[in-house]
>>> print(open('protein.pdb').read())   # PDB, C-alpha atoms and all ligand atoms
ATOM      1  CA  MET A 234    -144.735 -39.036 -14.396
ATOM      2  CA  ALA A 235    -146.444 -39.390 -17.758
ATOM      3  CA  SER A 236    -145.126 -37.342 -20.648
ATOM      4  CA  LYS A 237    -147.296 -34.296 -21.287
ATOM      5  CA  TYR A 238    -147.409 -35.463 -24.916
ATOM      6  CA  ALA A 239    -148.865 -38.880 -24.040
ATOM      7  CA  TYR A 240    -152.402 -39.962 -24.889
ATOM      8  CA  ASN A 241    -154.575 -38.737 -22.007
ATOM      9  CA  ILE A 242    -157.981 -40.316 -21.631
ATOM     10  CA  ASN A 243    -159.146 -37.445 -19.378
ATOM     11  CA  ASN A 244    -159.003 -35.081 -22.353
ATOM     12  CA  LEU A 245    -161.545 -37.303 -24.086
ATOM     13  CA  LYS A 246    -164.016 -37.652 -21.217
ATOM     14  CA  THR A 247    -166.660 -35.559 -22.955
ATOM     15  CA  MET A 248    -166.181 -37.341 -26.280
ATOM     16  CA  PHE A 249    -166.598 -40.723 -24.612
ATOM     17  CA  GLU A 250    -169.457 -39.858 -22.254
ATOM     18  CA  ARG A 251    -171.427 -36.973 -23.749
ATOM     19  CA  PRO A 252    -170.334 -36.649 -27.391
ATOM     20  CA  TYR A 253    -173.464 -34.652 -28.255
ATOM     21  CA  GLU A 254    -171.954 -31.737 -26.314
ATOM     22  CA  LEU A 255    -169.216 -31.605 -28.965
ATOM     23  CA  ARG A 256    -171.633 -31.293 -31.844
ATOM     24  CA  LEU A 257    -170.883 -28.794 -34.633
ATOM     25  CA  PRO A 258    -173.128 -27.848 -37.534
ATOM     26  CA  ALA A 259    -172.303 -29.588 -40.801
ATOM     27  CA  VAL A 260    -171.355 -27.007 -43.437
ATOM     28  CA  ARG A 261    -170.325 -26.605 -47.033
ATOM     29  CA  VAL A 262    -166.604 -25.740 -47.031
ATOM     30  CA  PHE A 263    -166.223 -25.030 -50.730
ATOM     31  CA  GLY A 264    -168.204 -26.296 -53.730
ATOM     32  CA  ASN A 265    -168.671 -30.034 -53.325
ATOM     33  CA  LEU A 266    -166.613 -30.298 -50.088
ATOM     34  CA  TYR A 267    -168.355 -30.434 -46.698
ATOM     35  CA  PHE A 268    -167.390 -30.614 -43.011
ATOM     36  CA  VAL A 269    -169.258 -33.374 -41.124
ATOM     37  CA  GLY A 270    -167.170 -33.571 -37.938
ATOM     38  CA  ASN A 271    -167.456 -32.433 -34.351
ATOM     39  CA  GLN A 272    -165.363 -30.237 -32.023
ATOM     40  CA  ASP A 273    -162.637 -32.886 -31.754
ATOM     41  CA  GLY A 274    -162.762 -35.257 -34.705
ATOM     42  CA  ALA A 275    -162.867 -33.977 -38.265
ATOM     43  CA  SER A 276    -164.670 -35.831 -41.051
ATOM     44  CA  TRP A 277    -165.040 -34.481 -44.581
ATOM     45  CA  LEU A 278    -167.551 -35.344 -47.287
ATOM     46  CA  VAL A 279    -167.110 -34.840 -51.036
ATOM     47  CA  ASP A 280    -170.056 -35.077 -53.438
ATOM     48  CA  THR A 281    -168.969 -36.544 -56.778
ATOM     49  CA  GLU A 282    -170.872 -37.585 -59.920
ATOM     50  CA  GLU A 283    -170.334 -41.215 -58.861
ATOM     51  CA  GLY A 284    -171.435 -40.856 -55.234
ATOM     52  CA  LEU A 285    -170.201 -39.531 -51.898
ATOM     53  CA  LEU A 286    -166.659 -39.833 -50.567
ATOM     54  CA  LEU A 287    -166.137 -39.755 -46.811
ATOM     55  CA  PHE A 288    -162.770 -38.990 -45.228
ATOM     56  CA  ASP A 289    -162.452 -40.493 -41.720
ATOM     57  CA  THR A 290    -165.420 -41.823 -39.747
ATOM     58  CA  ASN A 291    -164.460 -40.206 -36.454
ATOM     59  CA  TYR A 292    -164.777 -41.517 -32.894
ATOM     60  CA  PRO A 293    -167.016 -44.544 -32.303
ATOM     61  CA  THR A 294    -169.082 -42.518 -29.822
ATOM     62  CA  ALA A 295    -169.684 -39.815 -32.455
ATOM     63  CA  ALA A 296    -171.223 -42.151 -35.048
ATOM     64  CA  SER A 297    -174.757 -40.819 -34.577
ATOM     65  CA  LEU A 298    -173.489 -37.230 -34.911
ATOM     66  CA  LEU A 299    -171.725 -38.142 -38.144
ATOM     67  CA  ILE A 300    -174.803 -39.776 -39.648
ATOM     68  CA  ASP A 301    -176.931 -36.808 -38.572
ATOM     69  CA  SER A 302    -174.419 -34.344 -40.050
ATOM     70  CA  ILE A 303    -174.549 -36.093 -43.422
ATOM     71  CA  TRP A 304    -178.361 -36.144 -43.466
ATOM     72  CA  SER A 305    -178.529 -32.501 -42.321
ATOM     73  CA  LEU A 306    -176.773 -31.466 -45.540
ATOM     74  CA  GLY A 307    -179.396 -33.315 -47.539
ATOM     75  CA  PHE A 308    -177.173 -36.305 -48.328
ATOM     76  CA  ASP A 309    -178.105 -39.944 -47.821
ATOM     77  CA  PRO A 310    -175.268 -41.828 -46.078
ATOM     78  CA  ARG A 311    -176.246 -44.878 -48.143
ATOM     79  CA  ARG A 312    -174.831 -42.994 -51.169
ATOM     80  CA  ILE A 313    -171.285 -43.124 -49.743
ATOM     81  CA  ILE A 314    -169.150 -45.143 -52.157
ATOM     82  CA  ALA A 315    -165.706 -44.710 -50.613
ATOM     83  CA  ILE A 316    -164.389 -44.233 -47.086
ATOM     84  CA  PHE A 317    -160.827 -42.947 -46.962
ATOM     85  CA  HIS A 318    -158.871 -43.118 -43.690
ATOM     86  CA  THR A 319    -156.046 -40.766 -42.842
ATOM     87  CA  HIS A 320    -154.627 -43.464 -40.565
ATOM     88  CA  GLY A 321    -155.549 -46.531 -38.556
ATOM     89  CA  HIS A 322    -156.354 -45.170 -35.095
ATOM     90  CA  PHE A 323    -159.762 -45.767 -33.519
ATOM     91  CA  ASP A 324    -160.742 -42.083 -33.617
ATOM     92  CA  HIS A 325    -160.619 -42.173 -37.434
ATOM     93  CA  PHE A 326    -162.470 -45.434 -38.111
ATOM     94  CA  GLY A 327    -165.066 -45.466 -35.302
ATOM     95  CA  ALA A 328    -168.071 -45.584 -37.665
ATOM     96  CA  THR A 329    -166.440 -47.322 -40.634
ATOM     97  CA  ASP A 330    -168.140 -50.705 -40.197
ATOM     98  CA  LEU A 331    -171.487 -48.988 -39.582
ATOM     99  CA  ILE A 332    -171.304 -46.851 -42.721
ATOM    100  CA  LYS A 333    -170.003 -49.719 -44.798
ATOM    101  CA  SER A 334    -172.969 -51.814 -43.666
ATOM    102  CA  LEU A 335    -175.375 -49.024 -44.699
ATOM    103  CA  SER A 336    -173.800 -48.152 -48.002
ATOM    104  CA  GLY A 337    -171.505 -50.936 -49.137
ATOM    105  CA  ALA A 338    -168.762 -48.316 -49.491
ATOM    106  CA  ARG A 339    -165.228 -49.474 -50.236
ATOM    107  CA  THR A 340    -162.753 -48.702 -47.463
ATOM    108  CA  TYR A 341    -159.279 -47.250 -48.065
ATOM    109  CA  LEU A 342    -156.317 -47.301 -45.670
ATOM    110  CA  GLY A 343    -152.580 -46.739 -46.056
ATOM    111  CA  ILE A 344    -150.840 -50.036 -46.809
ATOM    112  CA  GLU A 345    -148.544 -49.820 -43.788
ATOM    113  CA  ASP A 346    -151.484 -49.307 -41.425
ATOM    114  CA  ALA A 347    -153.223 -52.305 -43.036
ATOM    115  CA  ARG A 348    -150.068 -54.250 -42.183
ATOM    116  CA  MET A 349    -150.109 -52.766 -38.666
ATOM    117  CA  PHE A 350    -153.715 -54.005 -38.250
ATOM    118  CA  ARG A 351    -152.559 -57.539 -39.075
ATOM    119  CA  ASP A 352    -149.259 -57.609 -37.192
ATOM    120  CA  ARG A 353    -149.670 -55.155 -34.305
ATOM    121  CA  PRO A 354    -153.433 -54.547 -33.896
ATOM    122  CA  GLU A 355    -152.848 -53.016 -30.447
ATOM    123  CA  LEU A 356    -151.280 -50.053 -32.261
ATOM    124  CA  ALA A 357    -154.749 -49.115 -33.575
ATOM    125  CA  MET A 358    -155.327 -47.969 -29.970
ATOM    126  CA  ILE A 359    -158.814 -49.493 -29.695
ATOM    127  CA  GLN A 360    -157.939 -50.292 -26.080
ATOM    128  CA  ASP A 361    -157.913 -46.520 -25.497
ATOM    129  CA  SER A 362    -161.390 -46.043 -26.967
ATOM    130  CA  ARG A 363    -163.356 -47.496 -24.025
ATOM    131  CA  GLU A 364    -165.455 -49.366 -26.603
ATOM    132  CA  ALA A 365    -165.423 -53.118 -26.022
ATOM    133  CA  TRP A 366    -167.280 -53.775 -29.278
ATOM    134  CA  LEU A 367    -165.006 -51.826 -31.598
ATOM    135  CA  GLU A 368    -162.836 -53.886 -33.925
ATOM    136  CA  ILE A 369    -160.303 -53.090 -36.570
ATOM    137  CA  PHE A 370    -161.721 -53.289 -40.095
ATOM    138  CA  GLU A 371    -160.343 -55.006 -43.147
ATOM    139  CA  PRO A 372    -159.633 -52.323 -45.755
ATOM    140  CA  ASP A 373    -160.786 -53.084 -49.296
ATOM    141  CA  VAL A 374    -158.006 -50.955 -50.755
ATOM    142  CA  GLU A 375    -154.500 -50.701 -49.309
ATOM    143  CA  VAL A 376    -153.360 -47.259 -50.378
ATOM    144  CA  ARG A 377    -149.810 -46.698 -51.643
ATOM    145  CA  ASP A 378    -147.824 -43.506 -51.899
ATOM    146  CA  GLY A 379    -148.687 -41.727 -55.141
ATOM    147  CA  ASP A 380    -151.953 -43.581 -55.801
ATOM    148  CA  VAL A 381    -154.571 -41.490 -57.572
ATOM    149  CA  PHE A 382    -158.245 -42.450 -57.338
ATOM    150  CA  THR A 383    -160.813 -40.982 -59.722
ATOM    151  CA  PHE A 384    -164.536 -40.536 -59.053
ATOM    152  CA  GLY A 385    -166.147 -38.729 -61.979
ATOM    153  CA  SER A 386    -164.338 -35.388 -62.233
ATOM    154  CA  THR A 387    -162.920 -35.674 -58.685
ATOM    155  CA  THR A 388    -159.452 -37.034 -58.026
ATOM    156  CA  VAL A 389    -157.914 -38.108 -54.730
ATOM    157  CA  ARG A 390    -154.106 -38.304 -54.630
ATOM    158  CA  ALA A 391    -152.467 -40.162 -51.759
ATOM    159  CA  VAL A 392    -149.132 -39.128 -50.266
ATOM    160  CA  ALA A 393    -147.719 -41.399 -47.574
ATOM    161  CA  CYS A 394    -146.683 -39.478 -44.456
ATOM    162  CA  PRO A 395    -145.493 -42.159 -42.022
ATOM    163  CA  GLY A 396    -144.654 -41.091 -38.490
ATOM    164  CA  HIS A 397    -147.781 -40.577 -36.408
ATOM    165  CA  SER A 398    -148.588 -44.116 -37.569
ATOM    166  CA  PRO A 399    -146.686 -46.191 -40.139
ATOM    167  CA  GLY A 400    -149.393 -45.859 -42.798
ATOM    168  CA  ALA A 401    -150.567 -42.289 -42.207
ATOM    169  CA  THR A 402    -151.581 -40.795 -45.556
ATOM    170  CA  HIS A 403    -152.309 -37.283 -46.795
ATOM    171  CA  TYR A 404    -155.060 -36.962 -49.374
ATOM    172  CA  PHE A 405    -155.077 -34.187 -51.973
ATOM    173  CA  ILE A 406    -158.602 -33.840 -53.298
ATOM    174  CA  SER A 407    -159.698 -31.810 -56.324
ATOM    175  CA  VAL A 408    -162.823 -29.923 -55.287
ATOM    176  CA  THR A 409    -164.973 -27.786 -57.534
ATOM    177  CA  ASP A 410    -167.450 -24.945 -57.301
ATOM    178  CA  GLY A 411    -168.927 -24.253 -60.722
ATOM    179  CA  ASN A 412    -165.944 -23.558 -62.953
ATOM    180  CA  GLN A 413    -163.509 -23.038 -60.097
ATOM    181  CA  SER A 414    -161.374 -25.998 -59.058
ATOM    182  CA  LEU A 415    -159.166 -26.025 -55.939
ATOM    183  CA  THR A 416    -157.022 -28.582 -54.152
ATOM    184  CA  ALA A 417    -157.922 -29.549 -50.613
ATOM    185  CA  GLY A 418    -155.058 -31.124 -48.662
ATOM    186  CA  LEU A 419    -156.075 -33.389 -45.787
ATOM    187  CA  ASN A 420    -153.370 -34.044 -43.221
ATOM    188  CA  GLY A 421    -152.723 -37.728 -42.546
ATOM    189  CA  GLY A 422    -151.650 -37.553 -38.913
ATOM    190  CA  ALA A 423    -149.936 -34.895 -36.842
ATOM    191  CA  GLY A 424    -150.350 -36.004 -33.216
ATOM    192  CA  LEU A 425    -147.159 -36.192 -31.161
ATOM    193  CA  ASN A 426    -148.695 -38.736 -28.756
ATOM    194  CA  THR A 427    -147.321 -41.744 -30.662
ATOM    195  CA  LEU A 428    -143.856 -40.169 -30.858
ATOM    196  CA  CYS A 429    -143.399 -39.304 -27.194
ATOM    197  CA  VAL A 430    -141.186 -41.294 -24.875
ATOM    198  CA  ASP A 431    -144.096 -43.048 -23.111
ATOM    199  CA  PHE A 432    -145.556 -44.505 -26.303
ATOM    200  CA  ARG A 433    -142.137 -45.536 -27.614
ATOM    201  CA  ARG A 434    -141.432 -47.410 -24.390
ATOM    202  CA  GLN A 435    -144.910 -48.920 -24.057
ATOM    203  CA  TYR A 436    -145.017 -50.345 -27.595
ATOM    204  CA  GLY A 437    -141.329 -50.611 -28.504
ATOM    205  CA  VAL A 438    -141.654 -48.533 -31.673
ATOM    206  CA  ASP A 439    -139.744 -45.503 -32.891
ATOM    207  CA  TRP A 440    -141.267 -43.501 -35.721
ATOM    208  CA  ARG A 441    -139.547 -40.154 -35.077
ATOM    209  CA  GLU A 442    -137.195 -40.242 -38.052
ATOM    210  CA  ASP A 443    -140.078 -41.079 -40.394
ATOM    211  CA  PHE A 444    -142.147 -38.273 -38.897
ATOM    212  CA  LEU A 445    -139.502 -35.635 -39.522
ATOM    213  CA  ALA A 446    -138.869 -36.897 -43.061
ATOM    214  CA  SER A 447    -142.614 -36.802 -43.731
ATOM    215  CA  ILE A 448    -142.832 -33.192 -42.552
ATOM    216  CA  HIS A 449    -140.049 -32.237 -44.941
ATOM    217  CA  ARG A 450    -141.814 -34.050 -47.743
ATOM    218  CA  SER A 451    -145.111 -32.393 -46.836
ATOM    219  CA  LEU A 452    -143.421 -29.022 -47.219
ATOM    220  CA  GLN A 453    -142.901 -29.844 -50.918
ATOM    221  CA  GLU A 454    -146.694 -30.014 -51.318
ATOM    222  CA  THR A 455    -149.244 -27.210 -51.420
ATOM    223  CA  ALA A 456    -153.001 -26.968 -51.061
ATOM    224  CA  ASP A 457    -155.549 -24.185 -51.495
ATOM    225  CA  ILE A 458    -157.592 -25.499 -48.577
ATOM    226  CA  PHE A 459    -155.917 -27.115 -45.578
ATOM    227  CA  LEU A 460    -157.999 -29.821 -43.893
ATOM    228  CA  GLY A 461    -157.164 -31.386 -40.552
ATOM    229  CA  ASN A 462    -158.132 -34.849 -39.389
ATOM    230  CA  HIS A 463    -158.814 -33.227 -36.040
ATOM    231  CA  THR A 464    -160.939 -30.101 -36.006
ATOM    232  CA  GLY A 465    -158.418 -27.920 -34.181
ATOM    233  CA  GLN A 466    -155.647 -28.509 -36.740
ATOM    234  CA  ASN A 467    -157.131 -26.162 -39.331
ATOM    235  CA  ARG A 468    -159.215 -24.150 -36.839
ATOM    236  CA  ALA A 469    -162.347 -25.455 -38.538
ATOM    237  CA  GLN A 470    -164.634 -24.360 -35.721
ATOM    238  CA  GLU A 471    -163.624 -20.692 -36.137
ATOM    239  CA  LYS A 472    -163.932 -20.962 -39.895
ATOM    240  CA  ILE A 473    -167.435 -22.412 -39.670
ATOM    241  CA  GLN A 474    -168.417 -19.239 -37.775
ATOM    242  CA  ALA A 475    -166.574 -17.061 -40.287
ATOM    243  CA  LEU A 476    -168.352 -18.679 -43.265
ATOM    244  CA  GLN A 477    -171.427 -16.554 -42.583
ATOM    245  CA  GLU A 478    -169.511 -13.432 -43.602
ATOM    246  CA  ASN A 479    -166.843 -14.974 -45.805
ATOM    247  CA  PRO A 480    -167.839 -17.944 -47.964
ATOM    248  CA  MET A 481    -164.125 -18.497 -48.719
ATOM    249  CA  ALA A 482    -163.154 -18.749 -45.027
ATOM    250  CA  PHE A 483    -161.538 -22.160 -45.519
ATOM    251  CA  VAL A 484    -159.481 -21.110 -48.542
ATOM    252  CA  ASP A 485    -155.924 -20.161 -47.551
ATOM    253  CA  PRO A 486    -153.061 -21.359 -49.771
ATOM    254  CA  ALA A 487    -150.501 -20.480 -47.060
ATOM    255  CA  GLU A 488    -151.980 -22.649 -44.329
ATOM    256  CA  TRP A 489    -150.703 -26.078 -45.398
ATOM    257  CA  THR A 490    -147.095 -24.872 -45.286
ATOM    258  CA  ALA A 491    -147.526 -22.830 -42.109
ATOM    259  CA  PHE A 492    -149.066 -25.820 -40.326
ATOM    260  CA  HIS A 493    -146.223 -28.171 -41.228
ATOM    261  CA  LYS A 494    -143.539 -25.639 -40.308
ATOM    262  CA  ASP A 495    -145.169 -25.200 -36.919
ATOM    263  CA  LEU A 496    -145.526 -28.968 -36.550
ATOM    264  CA  GLU A 497    -141.795 -29.385 -37.118
ATOM    265  CA  ARG A 498    -141.088 -26.713 -34.493
ATOM    266  CA  ARG A 499    -143.376 -28.393 -31.929
ATOM    267  CA  PHE A 500    -141.941 -31.825 -32.702
ATOM    268  CA  LEU A 501    -138.355 -30.662 -32.213
ATOM    269  CA  ILE A 502    -139.293 -28.986 -28.909
ATOM    270  CA  MET A 503    -140.749 -32.297 -27.716
ATOM    271  CA  CYS A 504    -137.609 -34.179 -28.757
ATOM    272  CA  ALA A 505    -135.438 -31.655 -26.888
ATOM    273  CA  GLU A 506    -137.636 -31.752 -23.777
ATOM    274  CA  GLU A 507    -137.665 -35.516 -23.709
ATOM    275  CA  ALA A 508    -133.953 -35.966 -24.488
ATOM    276  CA  GLU A 509    -133.131 -36.193 -20.779
ATOM    277  CA  GLN A 510    -135.694 -38.959 -20.225
ATOM    278  CA  GLU A 511    -134.335 -41.244 -22.955
TER     279      GLU A 511
HETATM  280 ZN    ZN A 601    -153.926 -40.982 -34.557
END
>>> encode(input="protein.pdb", output="structure tokens")
Amino acid sequence: MASKYAYNINNLKTMFERPYELRLPAVRVFGNLYFVGNQDGASWLVDTEEGLLLFDTNYPTAASLLIDSIWSLGFDPRRIIAIFHTHGHFDHFGATDLIKSLSGARTYLGIEDARMFRDRPELAMIQDSREAWLEIFEPDVEVRDGDVFTFGSTTVRAVACPGHSPGATHYFISVTDGNQSLTAGLNGGAGLNTLCVDFRRQYGVDWREDFLASIHRSLQETADIFLGNHTGQNRAQEKIQALQENPMAFVDPAEWTAFHKDLERRFLIMCAEEAEQE
């Protein structure tokens, strides 16, 4: 029997076949930070003096939704200058080549996932995407732990968080609204699917120790706004609703820590449950 933590294509049936049913309105999260994702995949847009930054390009089947979301906010996707990727799985780079072809944006990926693309491309999980045409991309910038990228008055600080994939990377983004500046922390990869017994056996990899160490390191960090790379992680859908009454619905300095503590709890439960199957 498959592990209940394993990648399950049935959960993605709607995303693969009728992605438009998973549409969400694009919204301003805070100041120059915007949500441009759908009910499953999160993508985030930051408007800087130098141009637009996009974080994750979502599922390949959601590319038209992403482009529409960006336009619906009044932004031209051709103004995107940088595409940051939280990690190198197909559901985070599905529209990367498309947007790069429109805009000429530079693409950023954690250095260990760039290596994974070269050495173990099957670990990008394109074979699970149902898209025969999708290919891995060649990142322009291989991001290292501690790198800081500056775009006008906006900075993006990278913190490696290996585990879900070898090159998973958190991004801490300075976002501003008038005179107020906050830090948005985007999680690099929290799915347990690549850490469960099935995946470890199928691909002969073991990233559990890295994952736990990354959680502990994440707990040293803080953020005013917690961003997920999947929409459920930071309950973005609820917050989009709540924005109508509370323009600060996404601002919660406790959420980054609470999320990672809960992630550690869930991870350890999985390890305990699967101990008998090892
Ligand atoms: Zn992933």
>>> closest_residue(input="protein.pdb", among="A:Glu478, A:Asp431, A:Asp410, A:Asp273", to="His463 of chain A", atoms="all atoms listed in the file")
A:Asp273
>>> atom_distance(input="protein.pdb", atom1="atom CA of Phe405 of chain A", atom2="atom CA of Ala423 of chain A")
16.0 Å
>>> atom_distance(input="protein.pdb", atom1="atom CA of Pro486 of chain A", atom2="atom CA of Val269 of chain A")
21.9 Å
>>> residues_around(input="protein.pdb", residues="Val376 of chain A", least_positions_apart="4", cutoff="7 Å", atoms="all atoms listed in the file", output="JSON, numbers by chain")
{"A": [341, 342, 343, 344, 380]}
>>> closest_residue(input="protein.pdb", among="A:Gly284, A:Ala295, A:Ala456, A:Glu250", to="Gln272 of chain A", atoms="all atoms listed in the file")
A:Ala295
